[in-house]
Amino acid sequence: MFLRNAPIRRRLMTITLLTCGAVSLLTCASFFVYEFFTFRQSTVASLSTLGSVLASNSTAALTFANSEDATEVLSALRAEHHIQAASLYDENGKLFAQYPANLPRNAFPVAPERDGYNFSAEHLISFQPVVLGPKRLGTLYLKSDLNEMYARFRLYGSIMALVVAASFALTYALSRSFQRQISQPILALTNTARAVADRGDYSVRAPKVGEAEFAVLTEAFNQMLTRIHDGDSALRESQETLWCLNAELEQRVEERTRKLKEANKELEAFSYSVSHDLRAPLRAIDGFSRILLEEYGEKFDEDGKRVLDIIRSNTQNMGRLIDDLLAFSRLSRKQIEASPVDMHGLASDVFQQLQPGFADQNIQFNLAPLPPTEGDPALIRQVFVNLLSNAAKYSRPRTQSVIDVNGYCQNGDCVYYVKDNGVGFDMTYAKKLFGVFQRLHGVEEFEGTGVGLAIVQRIINRHGGRVWAEGKVDEGATFFFSLPKEGSETVYKV
Amino acid sequence: MEFPKALANRSSSRGPTVLTAICSAIVALCAFVASVSAGPANEYQVKAAFLFNFAKFVEWPPNAFSDTNTPFVIGVLGQDPFGSYLDDIVRGERVNNRSLTVQRYRHVGEIKQCQVLFISRSESDHIDQIVSSLKYRKILLVTDADGGNGGVTIRFVNEGNRIRFKIDVQAAKAANLVISSKLLRLG
């Protein structure tokens with residue numbers, strides 16, 4: 001419907017006005033039609049009566065063929081303004097008398113037509129018989145204008161227009177006041193709903209009107225609002241509690257983290273300063289024992305010289321230990337600078353570099369194509385240095401050392417391993433392998449400080465990867481490390 | 001203006017207009033047939049018709065007839081100028097539901113039952129005598145003779161080639177006859 005989007009007040013009023021208009025128009029139209037036919041009938045009836053009187057009065061004139069008298073009878077029509085013409089025809093159908101007398105003959109029908117009435121647009125024409133007893137004497141012709149009828153219709157038309165206009169005005173006024181009874185509660189509800197929707201304010205209430213459906217609707221709406229309001233505030237309360245708890249938790253975590261960081265830093269600073277401060281006395285011991293050996297060498301016997309050598313080798317050993325410790329603790333502070341790493345080139349490069357150190361050893365180095373990855377190239381290089389030198393070192397007892405390096409990618413991680421055919425280890429101690437200063441073999445057997453694998457673990461962990469080892473006593477060992485694959489999100493551990 | 005009640009009532013009622021129209025048509029047809037057979041009219045043919053037509057516009061008191069079946073009599077006194085015209089006109093007609101007969105008289109004394117009496121010109125010398133002898137007889141006296149002093153109700157007059165008549169209301173009253181105002185208008 002055309003009013004679909006109009007406000008309810010206008011819709012109500014338009015509906016009322018249209019209904020009233022239709023009803024009043026229909027009423028007026030039926031009244032008009034009724035009047036039209038009634039008035040036509042009464043016009044015919046009055047003309048018929050007039051004709052009967054005239055016909056009766058002209059019987060003698062017709063009987064005695066006295067047209068002067070007939071003309072006089074017809075001249076009585078002067079009193080009837082609506083009669084425009086009248087004429088009498090004798091029994092042979094000849095014009096016998098006419099009214100008005102001065103009208104030309106051709107203004108009248110030449111001969112009478114069938115008895116009866118005939119309405120044209122402007123005239124009512126009648127032919128009536130003139131009868132005396134059983135005998136027909138002639139025909140009376142009457143021509144009446146319809147001015148009176150049209151005047152009457154004009155009057156009716158204006159009255160109807162007035163009535164319709166008045167009823168429209170009255171309906172407009174009434175519906176204007178009555179529509180409020182329906183539109184007001186709806187508008188109030190709408191406003192309340194809008195306030196709720198726009199401002200999210202569930203505390204507003206629609207005003208209650210009367211006791212009928214609207215009141216029920218309003219009450220139901222208000223009840224709904226109350227329920228929503230209660231639910232909303234409960235939700236808000238629990239949300240606030242949750243927020244408080246969350247904030248508290250976060251604060252606690254933050255505090256702990258801060259404390260942990262502080263402790264860690266203190267520890268690192270401590271270990272660094274300890275390592276650093278330890279070097280000075282060591283250098284002194286080493287220096288003075290060298291002076292002793294060089295300048296007073298001949299004063300010592302072989303035993304003394306041997307002890308001095310032991311002192312020197314242990315001092316150097318301790319110096320290396322301290323260097324490694326420093327390197328290890330430096331790792332914690334170093335920022336990781338990630339970039340693409342050509343793992344294959346790196347492994348090959350490291351092996352080339354290490355080879356002179358193992359010149360006396362027969363080593364078979366099998367390097368499979370390694371998938372590239374992302375990370376700090378200097379640190380990854382350190383990983384390969386440590387793992388490859390370990391592999392060479394622990395396979396020294398073999399006449400033919402075999403070192404396999406391989407890698408593969410799966411589930412977003414790239415896994416690389418270095419395998420040797422060396423002395424291996426007992427899997428019971430696999431966990432201990434990566435601890436600082438943890439060694440499964442004696443220094444006499446294999447030189448080293450026990451920091452290498454710890455460094456490997458720390459580097460890999462800081463790249464977001466992990467390390468593990470597989471092995472068996474006398475059957476070689478395999479060291480694995482995984483790195484998050486190139487392009488995937490890498491979490492660098494602090 | 002006179003207002004015939006029966007006619008007015010009939011025309012103002014709406015029902016039988018169709019029936020009326022059909023009746024009127026039949027009547028008109030009969031009239032047409034009658035007029036064709038009438039032929040050219042001479043003076044006495046017209047006067048004969050007038051005599052017959054007078055009967056329709058005049059009321060006789062009930063005691064003018066001896067009983068309800070008594071025919072309506074048109075009499076001619078003296079020499080008959082009508083020939084067969086009067087008989088032709090009257091034949092088969094009825095007035096006030098009575099049949100019509102034409103009687104011819106040579107003397108006043110022969111007149112017994114008579115409603116319309118035409119006094120021929122042959123009697124123009126004795127008109128006063130005839131009138132006085134027929135006084136109170138409830139007879140409509142008609143003549144085209146010139147004689148007499150009064151008492152004749154209707155006298156034919158020739159106006160040019162047309163036939164008119166004069167009505168003596170006193171004479172009609174004396175004869176106890178009621179003449180229709182329509183007829184009086186013409187007389």
# chains A, B, ... in the order shown; residues from 1 in each chain; ligands from 1
$ select_by_dssp --residues "range 56-199 of chain A" --states "helix (DSSP H, G or I)" --output "PyMOL selection string"
chain A and resi 56-57+59-63+67-79+105-107+147-199
$ residues_around --residues "range 123-133 of chain A" --least-positions-apart "6" --cutoff "9 Å" --atoms "only C-alpha atoms" --output "VMD selection string"
(chain A and resid 43 to 44 47 to 48 51 to 52 54 to 56 58 to 60 62 to 63 88 90 to 91 112 to 117 139 to 147) or (chain B and resid 21 24 to 25 27 to 28 56 95 to 96)
$ closest_residue --among "B:Ile179, B:Gly151, B:Gln45, B:Cys114" --to "Ser66 in chain B" --atoms "only C-alpha atoms"
B:Cys114
$ atom_distance --atom1 "CA of Ile322 in chain A" --atom2 "CA of Arg283 in chain A"
11.6 Å
$ select_by_dssp --residues "range 25-161 of chain B" --states "strand (DSSP E or B)" --output "ChimeraX atom specification"
/B:58-59,72-77,94-95,98-105,116-119,140-143,154-159
$ closest_residue --among "A:Gly21, A:Gly345, A:Pro356, A:Gly93" --to "chain B" --atoms "only C-alpha atoms"
A:Gly93
$ residues_around --residues "Phe358 in chain A" --least-positions-apart "2" --cutoff "10 Å" --atoms "only C-alpha atoms" --output "list in words"
Leu354, Gln355, Pro356, Asp360, Gln361, Asn362, Ile363, Ser389, Ala392, Lys393 and Arg396 of chain A
$ atom_distance --atom1 "CA of Val110 in chain A" --atom2 "CA of Leu95 in chain A"
7.2 Å
$ atom_distance --atom1 "CA of Val307 in chain A" --atom2 "CA of Asp324 in chain A"
25.4 Å
$ residues_around --residues "Phe365 in chain A" --least-positions-apart "2" --cutoff "12 Å" --atoms "only C-alpha atoms" --output "PyMOL selection string"
chain A and resi 347-348+350-352+354-355+361-363+367-368+388+391-392+400-406+418-421
$ write_last_selection --atoms "C-alpha atoms" --output "short mmCIF file (atom, residue, chain, number, x, y, z; two decimals), in the first residue's frame"
data_model
loop_
_atom_site.label_atom_id
_atom_site.label_comp_id
_atom_site.auth_asym_id
_atom_site.auth_seq_id
_atom_site.Cartn_x
_atom_site.Cartn_y
_atom_site.Cartn_z
CA ALA A 347 77.40 -26.78 7.59
CA SER A 348 79.85 -27.35 4.71
CA VAL A 350 82.02 -25.04 9.27
CA PHE A 351 83.33 -28.54 8.46
CA GLN A 352 85.99 -27.07 6.11
CA LEU A 354 87.26 -27.46 11.51
CA GLN A 355 89.05 -29.99 9.35
CA GLN A 361 91.79 -38.34 11.88
CA ASN A 362 90.26 -40.25 9.00
CA ILE A 363 86.82 -38.64 8.70
CA LEU A 367 76.44 -33.82 3.99
CA ALA A 368 72.92 -34.26 2.58
CA LEU A 388 80.50 -31.17 14.36
CA ALA A 391 81.05 -35.65 16.48
CA ALA A 392 84.67 -35.64 15.33
CA GLN A 400 87.17 -44.54 10.16
CA SER A 401 85.03 -41.71 11.59
CA VAL A 402 81.69 -41.23 9.80
CA ILE A 403 79.71 -38.00 10.29
CA ASP A 404 76.27 -37.68 8.69
CA VAL A 405 74.51 -34.33 8.51
CA ASN A 406 70.91 -34.26 7.30
CA VAL A 418 74.41 -34.59 13.17
CA LYS A 419 75.18 -38.28 13.49
CA ASP A 420 78.48 -39.94 14.31
CA ASN A 421 79.74 -43.47 14.76
#
$ residues_around --residues "Glu72 in chain A" --least-positions-apart "2" --cutoff "10 Å" --atoms "only C-alpha atoms" --output "PyMOL selection string"
chain A and resi 58+61+67-70+74-77+97-99+101
